[in-house]
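*Asks:* The structure file model.txt (compact mmCIF, C-alpha atoms) is provided below.
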```
# COMPACT_ATOMS: atom_id res chain seq x y z
CA MET A 17 119.20 283.70 -56.55
CA LYS A 18 119.34 280.01 -57.36
CA PHE A 19 121.65 277.46 -55.65
CA ASP A 20 121.92 273.71 -55.84
CA VAL A 21 122.10 273.48 -52.04
CA ILE A 22 121.12 275.86 -49.25
CA ILE A 23 122.14 275.04 -45.68
CA ILE A 24 120.48 276.83 -42.79
CA GLY A 25 122.84 276.90 -39.80
CA ALA A 26 126.57 277.65 -39.90
CA GLY A 27 127.61 275.50 -36.97
CA ALA A 28 129.79 272.40 -36.99
CA ALA A 29 127.40 270.20 -39.00
CA GLY A 30 126.33 272.97 -41.36
CA MET A 31 129.84 274.03 -42.32
CA MET A 32 130.97 270.43 -42.78
CA CYS A 33 128.00 269.78 -45.07
CA ALA A 34 128.56 273.00 -47.03
CA ALA A 35 132.22 272.20 -47.57
CA GLN A 36 131.48 268.70 -48.83
CA ALA A 37 128.66 269.73 -51.16
CA GLY A 38 130.71 272.62 -52.52
CA GLN A 39 133.75 270.46 -53.17
CA ARG A 40 131.49 268.07 -55.13
CA GLY A 41 130.83 270.92 -57.51
CA ARG A 42 127.46 272.00 -56.15
CA SER A 43 126.62 275.68 -55.83
CA VAL A 44 126.09 276.21 -52.09
CA LEU A 45 124.73 278.97 -49.87
CA ILE A 46 124.99 278.75 -46.11
CA ILE A 47 122.62 280.95 -44.07
CA ASP A 48 122.85 281.81 -40.38
CA HIS A 49 120.97 284.30 -38.22
CA ALA A 50 124.09 285.11 -36.17
CA ALA A 51 126.55 287.85 -37.05
CA LYS A 52 129.47 285.74 -35.79
CA ILE A 53 129.49 282.10 -36.83
CA GLY A 54 130.85 279.09 -34.98
CA GLU A 55 130.36 280.48 -31.48
CA ARG A 56 129.51 277.12 -29.94
CA ILE A 57 132.68 275.72 -31.44
CA ARG A 58 134.67 278.66 -30.12
CA ILE A 59 133.58 278.30 -26.48
CA SER A 60 133.65 274.50 -26.37
CA GLY A 61 136.23 272.65 -24.34
CA GLY A 62 137.23 275.76 -22.42
CA GLY A 63 138.17 277.46 -25.69
CA ARG A 64 140.13 274.50 -27.05
CA CYS A 65 137.27 272.50 -28.62
CA ASN A 66 136.89 268.85 -27.68
CA PHE A 67 136.46 268.10 -31.38
CA THR A 68 136.04 264.29 -31.27
CA ASN A 69 136.64 261.19 -29.19
CA LEU A 70 138.92 258.29 -30.07
CA ASN A 71 136.30 255.87 -28.71
CA ALA A 72 133.29 257.19 -30.66
CA SER A 73 130.93 254.37 -31.62
CA PRO A 74 127.16 253.93 -31.96
CA GLU A 75 127.00 252.79 -28.33
CA ASN A 76 127.88 256.33 -27.22
CA TYR A 77 124.68 257.86 -28.59
CA LEU A 78 121.07 258.07 -27.37
CA SER A 79 118.09 258.04 -29.71
CA GLN A 80 114.58 256.62 -29.95
CA ASN A 81 116.07 254.76 -32.93
CA PRO A 82 119.47 253.71 -31.50
CA HIS A 83 120.81 252.10 -34.68
CA PHE A 84 120.24 255.19 -36.84
CA CYS A 85 123.68 256.74 -36.21
CA ARG A 86 125.62 253.65 -37.32
CA SER A 87 125.67 254.45 -41.03
CA ALA A 88 126.88 258.04 -40.71
CA LEU A 89 129.55 257.16 -38.13
CA ALA A 90 130.79 254.37 -40.39
CA GLN A 91 130.87 256.60 -43.47
CA TYR A 92 132.81 259.36 -41.70
CA SER A 93 134.56 258.31 -38.50
CA GLN A 94 136.64 260.10 -35.89
CA GLN A 95 139.75 258.94 -37.75
CA ASP A 96 138.53 260.72 -40.86
CA PHE A 97 138.17 263.99 -38.99
CA ILE A 98 141.57 263.52 -37.33
CA LYS A 99 143.11 263.12 -40.80
CA LEU A 100 141.43 266.38 -41.83
CA ILE A 101 142.84 268.41 -38.96
CA GLU A 102 146.26 266.81 -39.41
CA ARG A 103 146.25 268.04 -43.02
CA TYR A 104 145.95 271.52 -41.54
CA ARG A 105 148.76 270.75 -39.09
CA THR A 106 146.49 271.52 -36.16
CA ARG A 107 148.21 270.30 -33.02
CA TYR A 108 146.03 268.39 -30.58
CA HIS A 109 146.20 266.16 -27.51
CA GLU A 110 144.19 263.53 -25.68
CA LYS A 111 143.03 264.90 -22.36
CA THR A 112 141.23 261.92 -20.81
CA LEU A 113 138.96 259.04 -21.82
CA GLY A 114 139.74 259.50 -25.53
CA GLN A 115 138.80 263.19 -25.59
CA LEU A 116 140.80 265.14 -28.20
CA PHE A 117 141.40 268.90 -27.81
CA CYS A 118 143.25 271.53 -29.82
CA ASN A 119 146.57 272.50 -28.23
CA GLU A 120 146.01 276.15 -28.99
CA SER A 121 142.48 277.38 -29.70
CA SER A 122 139.07 276.27 -30.97
CA GLN A 123 139.40 279.06 -33.54
CA GLU A 124 141.62 276.62 -35.47
CA ILE A 125 138.60 274.36 -36.05
CA ILE A 126 136.44 277.29 -37.17
CA ASP A 127 139.18 278.50 -39.55
CA LEU A 128 139.60 274.96 -40.92
CA LEU A 129 135.88 274.66 -41.67
CA LYS A 130 135.76 278.10 -43.28
CA ASN A 131 138.75 277.21 -45.42
CA GLU A 132 137.11 273.94 -46.50
CA CYS A 133 134.01 275.93 -47.45
CA ASP A 134 136.15 278.35 -49.45
CA LYS A 135 137.62 275.40 -51.35
CA GLY A 136 134.09 274.51 -52.39
CA GLY A 137 133.17 278.06 -53.38
CA VAL A 138 130.50 278.28 -50.68
CA LYS A 139 128.58 281.58 -50.44
CA TRP A 140 127.58 283.08 -47.10
CA ALA A 141 124.53 284.99 -45.89
CA HIS A 142 124.78 286.12 -42.25
CA PRO A 143 123.30 287.66 -40.28
CA CYS A 144 120.29 286.55 -42.26
CA VAL A 145 116.86 285.54 -40.93
CA VAL A 146 114.83 282.93 -42.81
CA GLU A 147 111.24 284.15 -42.79
CA LYS A 148 109.52 281.54 -44.93
CA ILE A 149 110.23 278.20 -46.59
CA ALA A 150 107.99 276.87 -49.34
CA LYS A 151 108.17 273.63 -51.29
CA ARG A 152 107.82 274.21 -54.99
CA ALA A 153 104.78 272.99 -56.89
CA GLU A 154 104.31 269.29 -57.62
CA GLY A 155 106.61 268.16 -60.39
CA GLU A 156 109.09 270.99 -59.77
CA PRO A 157 111.71 269.90 -57.23
CA GLY A 158 113.22 272.23 -54.66
CA PHE A 159 112.39 275.02 -52.26
CA ASP A 160 111.85 278.79 -52.21
CA LEU A 161 113.16 280.77 -49.23
CA THR A 162 112.14 284.26 -48.18
CA THR A 163 114.82 285.86 -46.00
CA SER A 164 115.93 289.21 -44.62
CA GLN A 165 118.45 289.31 -47.48
CA GLY A 166 115.96 288.52 -50.23
CA GLU A 167 114.59 285.50 -52.09
CA PHE A 168 116.60 282.30 -52.63
CA ARG A 169 115.84 279.08 -54.45
CA CYS A 170 117.45 275.66 -54.14
CA ASP A 171 117.08 272.03 -55.17
CA SER A 172 118.23 270.67 -51.77
CA LEU A 173 117.64 272.27 -48.39
CA VAL A 174 119.66 271.20 -45.34
CA ILE A 175 118.53 272.09 -41.83
CA ALA A 176 121.51 272.35 -39.44
CA THR A 177 120.08 274.78 -36.91
CA GLY A 178 120.89 272.80 -33.76
CA GLY A 179 118.73 272.33 -30.68
CA LEU A 180 117.69 274.45 -27.72
CA ALA A 181 120.87 274.24 -25.60
CA ALA A 182 122.84 277.45 -24.98
CA PRO A 183 120.04 279.96 -25.70
CA ALA A 184 122.46 282.81 -24.90
CA LEU A 185 124.24 281.92 -28.16
CA GLY A 186 121.04 282.14 -30.19
CA ALA A 187 119.54 278.64 -29.98
CA THR A 188 115.97 278.49 -31.32
CA PRO A 189 113.38 275.81 -32.17
CA PHE A 190 113.61 276.76 -35.88
CA GLY A 191 114.61 273.27 -37.05
CA TYR A 192 111.73 271.58 -35.24
CA LYS A 193 109.28 274.03 -36.78
CA VAL A 194 110.58 273.21 -40.26
CA ALA A 195 110.11 269.50 -39.54
CA GLU A 196 106.56 270.11 -38.35
CA GLN A 197 105.84 272.27 -41.42
CA PHE A 198 106.62 269.25 -43.58
CA ASN A 199 104.73 266.81 -41.31
CA LEU A 200 107.84 265.12 -39.93
CA PRO A 201 107.56 263.87 -36.33
CA VAL A 202 109.71 265.44 -33.60
CA VAL A 203 110.75 263.65 -30.40
CA PRO A 204 110.04 266.24 -27.66
CA PRO A 205 113.34 268.03 -26.91
CA LYS A 206 114.85 268.10 -23.40
CA PRO A 207 118.06 269.54 -21.90
CA ALA A 208 120.87 266.95 -21.90
CA LEU A 209 124.39 266.77 -20.48
CA VAL A 210 123.02 269.12 -17.85
CA PRO A 211 123.34 269.58 -14.06
CA LEU A 212 120.49 268.05 -12.09
CA ALA A 213 118.33 269.89 -9.57
CA LEU A 214 117.43 268.33 -6.23
CA PRO A 215 114.21 268.99 -4.29
CA PRO A 216 114.38 271.50 -1.40
CA GLU A 217 114.18 268.84 1.32
CA THR A 218 117.13 266.94 -0.18
CA LEU A 219 119.15 270.13 -0.63
CA ASP A 220 118.53 271.00 3.01
CA THR A 221 119.78 267.58 4.06
CA LEU A 222 122.89 267.82 1.86
CA LYS A 223 123.76 271.48 2.51
CA SER A 224 126.84 270.48 4.53
CA LEU A 225 128.18 268.70 1.41
CA ALA A 226 127.70 271.64 -0.96
CA GLY A 227 130.88 272.54 -2.82
CA LEU A 228 132.46 269.11 -2.41
CA SER A 229 133.56 267.02 -5.39
CA PHE A 230 134.48 263.35 -5.43
CA ASP A 231 135.25 260.43 -7.72
CA THR A 232 132.18 258.27 -8.30
CA ILE A 233 130.36 255.93 -10.61
CA THR A 234 126.89 257.08 -11.62
CA PHE A 235 124.08 255.02 -13.08
CA CYS A 236 120.31 255.27 -13.41
CA GLY A 237 118.35 252.04 -13.34
CA LYS A 238 119.40 248.56 -14.45
CA GLN A 239 119.58 249.39 -18.16
CA SER A 240 121.79 252.45 -17.73
CA PRO A 241 125.51 252.52 -18.52
CA HIS A 242 127.86 253.34 -15.65
CA PHE A 243 130.00 256.50 -15.81
CA ARG A 244 133.08 256.95 -13.67
CA GLU A 245 134.14 260.57 -13.33
CA GLN A 246 133.97 263.45 -10.86
CA ALA A 247 130.68 264.57 -9.31
CA LEU A 248 129.97 267.79 -7.44
CA ILE A 249 127.26 268.65 -4.93
CA THR A 250 126.11 272.24 -5.39
CA HIS A 251 123.66 274.56 -3.65
CA ARG A 252 121.14 273.67 -6.38
CA GLY A 253 121.79 269.98 -6.88
CA LEU A 254 124.31 267.77 -8.65
CA SER A 255 126.93 268.63 -11.26
CA GLY A 256 130.31 267.49 -12.59
CA PRO A 257 131.11 265.22 -15.57
CA ALA A 258 129.65 262.07 -13.98
CA ILE A 259 126.34 263.84 -13.41
CA LEU A 260 126.23 265.44 -16.86
CA GLN A 261 126.74 262.01 -18.41
CA ILE A 262 123.97 260.30 -16.46
CA SER A 263 121.58 263.25 -16.85
CA SER A 264 120.83 262.28 -20.45
CA TYR A 265 119.76 258.80 -19.36
CA TRP A 266 117.71 260.20 -16.47
CA GLN A 267 115.95 262.50 -18.96
CA MET A 268 115.52 259.63 -21.44
CA GLN A 269 113.25 257.84 -18.96
CA GLU A 270 110.53 260.42 -19.65
CA TYR A 271 110.12 258.98 -23.15
CA GLY A 272 109.22 255.57 -21.68
CA ARG A 273 106.20 254.44 -19.75
CA GLY A 274 108.01 253.32 -16.60
CA LYS A 275 108.53 255.21 -13.37
CA LYS A 276 111.58 257.48 -13.23
CA GLN A 277 114.50 255.97 -11.35
CA PRO A 278 116.82 257.95 -9.07
CA VAL A 279 120.40 258.69 -9.99
CA THR A 280 122.61 256.29 -8.03
CA LEU A 281 126.15 257.13 -6.91
CA ASN A 282 128.79 254.55 -6.03
CA LEU A 283 131.05 256.36 -3.55
CA LEU A 284 133.59 253.51 -3.42
CA PRO A 285 134.01 252.68 -7.11
CA ASP A 286 137.02 250.41 -6.55
CA LYS A 287 135.64 248.47 -3.61
CA ASP A 288 132.87 246.14 -2.57
CA ALA A 289 131.77 248.20 0.42
CA GLU A 290 130.45 245.29 2.49
CA THR A 291 133.71 243.33 2.19
CA PHE A 292 135.72 246.50 2.82
CA LEU A 293 133.84 247.34 6.03
CA GLU A 294 133.91 243.76 7.30
CA GLU A 295 137.69 243.67 6.84
CA HIS A 296 138.08 246.69 9.14
CA ARG A 297 135.22 245.99 11.54
CA LYS A 298 137.39 244.63 14.36
CA GLN A 299 139.61 247.69 14.29
CA ASN A 300 138.74 250.48 16.66
CA ILE A 301 138.56 252.93 13.77
CA ASN A 302 135.97 255.60 13.07
CA LEU A 303 134.12 255.02 9.78
CA ALA A 304 134.73 258.58 8.59
CA SER A 305 138.47 258.17 9.14
CA LEU A 306 138.45 254.94 7.17
CA LEU A 307 136.51 256.49 4.30
CA ALA A 308 138.83 259.52 4.27
CA ASP A 309 141.47 257.30 2.66
CA THR A 310 139.21 257.11 -0.42
CA LEU A 311 136.89 260.11 -0.25
CA PRO A 312 137.71 263.75 0.55
CA ARG A 313 137.98 263.96 4.35
CA ARG A 314 135.27 266.56 4.83
CA PHE A 315 132.92 264.67 2.53
CA ALA A 316 133.54 261.45 4.48
CA GLN A 317 132.83 263.18 7.79
CA GLU A 318 129.68 264.95 6.62
CA TRP A 319 128.32 261.89 4.80
CA CYS A 320 128.74 259.73 7.90
CA GLU A 321 126.90 262.39 9.93
CA LEU A 322 124.03 262.28 7.44
CA GLN A 323 123.89 258.49 7.63
CA GLU A 324 124.18 258.63 11.44
CA VAL A 325 127.19 256.30 11.47
CA SER A 326 129.84 258.65 12.89
CA ARG A 327 131.33 256.15 15.29
CA PRO A 328 133.83 253.27 15.33
CA LEU A 329 132.96 250.38 13.01
CA ALA A 330 133.05 247.93 15.92
CA GLU A 331 130.03 249.69 17.42
CA LEU A 332 127.85 249.22 14.34
CA SER A 333 125.37 246.36 14.35
CA ALA A 334 125.46 243.84 11.51
CA GLN A 335 122.29 245.40 10.11
CA ALA A 336 123.69 248.94 10.28
CA LEU A 337 126.92 247.80 8.67
CA ALA A 338 125.08 246.12 5.79
CA HIS A 339 122.88 249.19 5.24
CA THR A 340 125.89 251.54 5.28
CA ALA A 341 127.77 249.32 2.84
CA HIS A 342 124.79 249.34 0.48
CA GLN A 343 124.55 253.13 0.67
CA LEU A 344 128.25 253.51 -0.10
CA ASN A 345 127.94 251.49 -3.31
CA ASN A 346 124.36 252.52 -4.12
CA TRP A 347 123.55 256.00 -2.80
CA PRO A 348 120.26 257.03 -4.50
CA LEU A 349 119.30 260.66 -5.09
CA MET A 350 116.09 261.54 -6.90
CA PRO A 351 116.39 264.78 -8.94
CA SER A 352 113.46 267.14 -9.20
CA GLY A 353 114.50 268.19 -12.71
CA THR A 354 117.44 269.81 -14.49
CA LEU A 355 118.95 273.28 -14.50
CA GLY A 356 117.56 273.81 -17.99
CA TYR A 357 118.83 274.66 -21.45
CA GLY A 358 120.92 277.55 -20.15
CA LYS A 359 123.23 275.06 -18.43
CA ALA A 360 122.85 272.20 -20.92
CA GLU A 361 125.61 271.13 -23.30
CA VAL A 362 123.21 269.67 -25.87
CA THR A 363 119.58 268.78 -26.57
CA LEU A 364 118.03 265.34 -26.19
CA GLY A 365 115.34 264.49 -28.75
CA GLY A 366 114.72 266.30 -32.02
CA VAL A 367 113.61 265.37 -35.53
CA ASP A 368 112.55 261.73 -35.37
CA THR A 369 115.18 259.64 -37.14
CA ARG A 370 112.52 257.17 -38.30
CA ALA A 371 111.49 259.89 -40.76
CA LEU A 372 115.04 260.20 -42.18
CA SER A 373 117.35 258.02 -44.27
CA SER A 374 120.30 256.88 -42.15
CA LYS A 375 122.44 256.65 -45.30
CA THR A 376 121.79 260.20 -46.58
CA MET A 377 120.01 262.18 -43.78
CA GLU A 378 117.24 263.03 -46.27
CA ALA A 379 113.61 263.09 -45.18
CA SER A 380 111.86 259.97 -46.45
CA THR A 381 108.70 261.81 -47.50
CA VAL A 382 110.13 265.16 -48.66
CA ALA A 383 112.63 264.91 -51.52
CA GLY A 384 115.58 267.26 -51.14
CA LEU A 385 115.04 268.07 -47.45
CA PHE A 386 117.85 267.04 -45.07
CA PHE A 387 118.38 267.33 -41.31
CA ILE A 388 121.80 267.05 -39.66
CA GLY A 389 123.57 267.60 -36.35
CA GLU A 390 121.90 268.38 -33.04
CA VAL A 391 118.46 269.11 -34.55
CA VAL A 392 118.16 265.34 -35.13
CA ASP A 393 117.22 262.89 -32.35
CA VAL A 394 120.79 261.68 -31.85
CA THR A 395 122.58 262.77 -28.67
CA GLY A 396 126.13 261.84 -27.78
CA TRP A 397 127.90 261.40 -24.47
CA LEU A 398 130.02 264.17 -23.00
CA GLY A 399 133.56 264.21 -24.40
CA GLY A 400 133.60 265.08 -28.11
CA TYR A 401 130.90 262.65 -29.23
CA ASN A 402 128.42 265.34 -30.27
CA PHE A 403 130.98 267.08 -32.45
CA GLN A 404 131.69 263.74 -34.11
CA TRP A 405 127.98 263.37 -34.86
CA ALA A 406 128.05 266.86 -36.41
CA TRP A 407 131.01 265.92 -38.63
CA SER A 408 129.55 262.54 -39.61
CA SER A 409 125.98 263.64 -40.32
CA GLY A 410 127.19 266.80 -42.08
CA TRP A 411 129.61 264.86 -44.26
CA VAL A 412 126.95 262.33 -45.25
CA ALA A 413 124.39 264.97 -46.24
CA GLY A 414 127.13 266.82 -48.11
CA GLN A 415 127.64 263.75 -50.34
CA HIS A 416 123.96 263.56 -51.33
CA ALA A 417 122.46 267.07 -51.28
```
Take the structure in the file and give it back as structure tokens.
*Replies:*
Amino acid sequence: MKFDVIIIGAGAAGMMCAAQAGQRGRSVLIIDHAAKIGERIRISGGGRCNFTNLNASPENYLSQNPHFCRSALAQYSQQDFIKLIERYRTRYHEKTLGQLFCNESSQEIIDLLKNECDKGGVKWAHPCVVEKIAKRAEGEPGFDLTTSQGEFRCDSLVIATGGLAAPALGATPFGYKVAEQFNLPVVPPKPALVPLALPPETLDTLKSLAGLSFDTITFCGKQSPHFREQALITHRGLSGPAILQISSYWQMQEYGRGKKQPVTLNLLPDKDAETFLEEHRKQNINLASLLADTLPRRFAQEWCELQEVSRPLAELSAQALAHTAHQLNNWPLMPSGTLGYGKAEVTLGGVDTRALSSKTMEASTVAGLFFIGEVVDVTGWLGGYNFQWAWSSGWVAGQHA
């Protein structure tokens, strides 16, 4: 069977692309190996889908080519997707930090995308396994696909197969293998937006803090952004939104040549710790009691025990006070790794954007071959940014495939 466009991957980016191409009058087939499509959409945001972020901008994305995402985000912004869901009268709310969620269920987003595909006359093949992809002979544009449902032919082929995060939902390296087949470079993938593991000796030291969460600012080296959210110490390491955010930047260091920096936690995000301690130094107050006004009481007590400063401030030497103040605003913890793709929200790395057109998402050296969504080396922050990249990149490819 012959189609103008075939899209492999019926996730957020794939369905957006299919809908756009179909509504432009192209004949479109969307293929997915899963029996039930849109599962990552369905489970996202606790079942309510954090579908975009009001603050989405190029600065919220990581890539070896950081300017690549600008064009797609400008062509199809968060406001464009909001207009789409408002046309469907989908009720939504802002939870925090610009994060938008459905009021009812993520199924509303899946149904919306399916309906948009229906408007474009999109055909479906799932569950369907793609066994082989071949570029047609020189002078004859397009691709031939061998699948578990037969042979298909297309002029444009769009790869929207995602990354390696959430393997329980069927994540595979398929998209990277397609890129390699056509000699396109791939930035080595890594788990991102993922809890961080701590080495055994650190875990043993922090075991009294396990299970405690607290408000903090996290950062990782001088070039890293600062994230203020909740962090959690677990029996395996560090978790919570603040840790997930900084984990991508900690992982990103492996692409550089420099030495990996520890993750640093500011336990008093609203205070200069040295000034704060000096102001209370003359009071006969225990440091843990003072910190308990800002931090959870048990955390304050256990942290002071670890730092060996569980006594009145007046008894601390000037040197001990300065060191404690520095630790409160700059508490470094060096991870030993991450908890892997099974716990990761997304994948860092992917098809090298320097091999793609930022305006169309088409491979520069392979006419008619497009890559969109998470399979590409563009990774957003936690909070709806990765869905926005799916909508934007999918929409752009849908205008050109």
*Asks:* So that each row is one residue of stretch 317-412 of chain A with an atom at most 9 Å from stretch 279-292 of chain A, can you give its shortest atom pair and the distance in Å to one decimal, using only C-alpha atoms, rows by chain and rising number, as CSV?
*Replies:*
```
residue,atom,partner,partner_atom,distance
A:Leu337,CA,A:Glu290,CA,7.5
A:Ala338,CA,A:Glu290,CA,6.4
A:His339,CA,A:Glu290,CA,8.9
A:Thr340,CA,A:Glu290,CA,8.2
A:Ala341,CA,A:Ala289,CA,4.8
A:His342,CA,A:Ala289,CA,7.1
A:Gln343,CA,A:Asn282,CA,8.1
A:Leu344,CA,A:Leu283,CA,5.3
A:Asn345,CA,A:Asn282,CA,4.2
A:Asn346,CA,A:Asn282,CA,5.2
A:Trp347,CA,A:Leu281,CA,5.0
A:Pro348,CA,A:Thr280,CA,4.3
A:Leu349,CA,A:Val279,CA,5.4
A:Met350,CA,A:Val279,CA,6.0
A:Pro351,CA,A:Val279,CA,7.4
```
*Asks:* Let me make sure I understand: among A:Lys18, A:Arg103, A:Arg327, A:Arg244, which one has the smallest atom-to-atom distance to A:Ser172 if we use only C-alpha atoms?
*Replies:*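 Smallest separation from A:Ser172 among the options: A:Lys18.
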*Asks:* Please provide as a VMD selection string all residues within 9 Å of A:Ile259, with the sequence filter that same-chain residues fewer than 2 positions apart are discarded (counting only C-alpha atoms).
*Replies:* chain A and resid 209 to 212 234 243 245 to 248 254 to 257 261 to 263 279
*Asks:* Mind giving me the straight-line distance from atom CA of A:Val21 to atom CA of A:Ile101 in Å, one decimal?
*Replies:* 25.0 Å
*Asks:* Take atom CA of A:Gln317 and atom CA of A:Ala304 and report the distance between them in Å, one decimal.
*Replies:*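 Atom-to-atom, atom CA of A:Gln317 to atom CA of A:Ala304, that is 5.0 Å.
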*Asks:* Please tabulate, as a tab-separated table, the residues of stretch 75-98 of chain A that come within 8 Å of stretch 365-378 of chain A, each with its closest pair of atoms and the distance in Å to one decimal, counting all atoms listed in the file and ordering rows by chain, then residue number upward.
*Replies:*
```
residue	atom	partner	partner_atom	distance
A:Ser79	CA	A:Gly365	CA	7.1
A:Gln80	CA	A:Asp368	CA	7.7
A:Asn81	CA	A:Thr369	CA	6.5
A:Phe84	CA	A:Ser374	CA	5.6
A:Cys85	CA	A:Ser374	CA	6.8
A:Arg86	CA	A:Ser374	CA	7.9
A:Ser87	CA	A:Lys375	CA	5.8
A:Ala88	CA	A:Lys375	CA	6.5
```
*Asks:* Considering all atoms listed in the file, can you say which of A:Phe159, A:Cys133, A:Cys144, A:Ala187 comes closest to A:Gly358?
*Replies:*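 Of the candidates, the smallest distance to A:Gly358 is held by A:Ala187.
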*Asks:* Which residues, protein or nucleic acid, reach to within 10 Å of (130.1, 276.4, -45.3) in the file's coordinates when using all atoms listed in the file, and can you give that as a ChimeraX atom specification?
*Replies:* /A:22-38,44-47,129-140
*Asks:* Write out the residues from the selection above, keeping C-alpha atoms, as an mmCIF file, in the frame of the given file.
*Replies:*
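Contents of the output file again_8.cif:
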```
data_model
loop_
_atom_site.group_PDB
_atom_site.id
_atom_site.type_symbol
_atom_site.label_atom_id
_atom_site.label_comp_id
_atom_site.auth_asym_id
_atom_site.auth_seq_id
_atom_site.Cartn_x
_atom_site.Cartn_y
_atom_site.Cartn_z
ATOM 1 C CA ILE A 22 121.120 275.860 -49.250
ATOM 2 C CA ILE A 23 122.140 275.040 -45.680
ATOM 3 C CA ILE A 24 120.480 276.830 -42.790
ATOM 4 C CA GLY A 25 122.840 276.900 -39.800
ATOM 5 C CA ALA A 26 126.570 277.650 -39.900
ATOM 6 C CA GLY A 27 127.610 275.500 -36.970
ATOM 7 C CA ALA A 28 129.790 272.400 -36.990
ATOM 8 C CA ALA A 29 127.400 270.200 -39.000
ATOM 9 C CA GLY A 30 126.330 272.970 -41.360
ATOM 10 C CA MET A 31 129.840 274.030 -42.320
ATOM 11 C CA MET A 32 130.970 270.430 -42.780
ATOM 12 C CA CYS A 33 128.000 269.780 -45.070
ATOM 13 C CA ALA A 34 128.560 273.000 -47.030
ATOM 14 C CA ALA A 35 132.220 272.200 -47.570
ATOM 15 C CA GLN A 36 131.480 268.700 -48.830
ATOM 16 C CA ALA A 37 128.660 269.730 -51.160
ATOM 17 C CA GLY A 38 130.710 272.620 -52.520
ATOM 18 C CA VAL A 44 126.090 276.210 -52.090
ATOM 19 C CA LEU A 45 124.730 278.970 -49.870
ATOM 20 C CA ILE A 46 124.990 278.750 -46.110
ATOM 21 C CA ILE A 47 122.620 280.950 -44.070
ATOM 22 C CA LEU A 129 135.880 274.660 -41.670
ATOM 23 C CA LYS A 130 135.760 278.100 -43.280
ATOM 24 C CA ASN A 131 138.750 277.210 -45.420
ATOM 25 C CA GLU A 132 137.110 273.940 -46.500
ATOM 26 C CA CYS A 133 134.010 275.930 -47.450
ATOM 27 C CA ASP A 134 136.150 278.350 -49.450
ATOM 28 C CA LYS A 135 137.620 275.400 -51.350
ATOM 29 C CA GLY A 136 134.090 274.510 -52.390
ATOM 30 C CA GLY A 137 133.170 278.060 -53.380
ATOM 31 C CA VAL A 138 130.500 278.280 -50.680
ATOM 32 C CA LYS A 139 128.580 281.580 -50.440
ATOM 33 C CA TRP A 140 127.580 283.080 -47.100
#
```
*Asks:* In Å, rounded to a single decimal, give me how far atom CA of A:Ile249 is from atom CA of A:Gly400.
*Replies:* 24.3 Å
*Asks:* Which residues, written as a ChimeraX atom specification, have at least one atom at most 8 Å from A:Ile126, with all atoms listed in the file counted and residues fewer than 3 positions away on the same chain left out?
*Replies:* /A:54,57-58,122-123,129-130
*Asks:* For A:Thr354, which residue among A:Trp266, A:Tyr108, A:Phe235, A:Phe190 is the nearest when counting all atoms listed in the file?
*Replies:*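 Between A:Trp266, A:Tyr108, A:Phe235, A:Phe190, the residue approaching A:Thr354 most closely is A:Trp266.
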*Asks:* Axis-aligned box over every listed atom of stretch 355-368 of chain A, padded by 5 Å per side: centre and edges in Å to one decimal, as AutoDock Vina command-line options?
*Replies:*
```
--center_x 119.1 --center_y 269.6 --center_z -25.0 --size_x 23.1 --size_y 25.8 --size_z 31.0
```
*Asks:* Pull the closest atom pair for each residue of stretch 297-404 of chain A that gets at most 6 Å from stretch 68-71 of chain A, along with the distance in Å to one decimal, counting all atoms listed in the file, ordering rows by chain and then ascending residue number, as a tab-separated table.
*Replies:*
```
residue	atom	partner	partner_atom	distance
A:Gly400	CA	A:Thr68	CA	4.1
A:Tyr401	CA	A:Thr68	CA	5.8
A:Phe403	CA	A:Thr68	CA	5.9
A:Gln404	CA	A:Thr68	CA	5.2
```
*Asks:* Compare A:His251, A:Cys65, A:Gly396, A:Gln269 by their minimum atom-to-atom distance to A:Pro215, counting only C-alpha atoms, and give me the closest one.
*Replies:*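 For A:Pro215, the nearest of the candidates is A:His251.
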*Asks:* Let me make sure I understand: among A:Ser240, A:Gln267, A:Gln415, A:Ser333, which one has the smallest atom-to-atom distance to A:Leu364 if we use only C-alpha atoms?
*Replies:*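 For A:Leu364, the nearest of the given residues is A:Gln267.
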*Asks:* Go through A:Ile388, A:Ala213, A:Leu113, A:Ile53 one by one, measure the shortest atom-to-atom distance of each to A:Ala141 using only C-alpha atoms, and give the residue with the smallest value.
*Replies:*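 Of the candidates, the smallest distance to A:Ala141 is held by A:Ile53.
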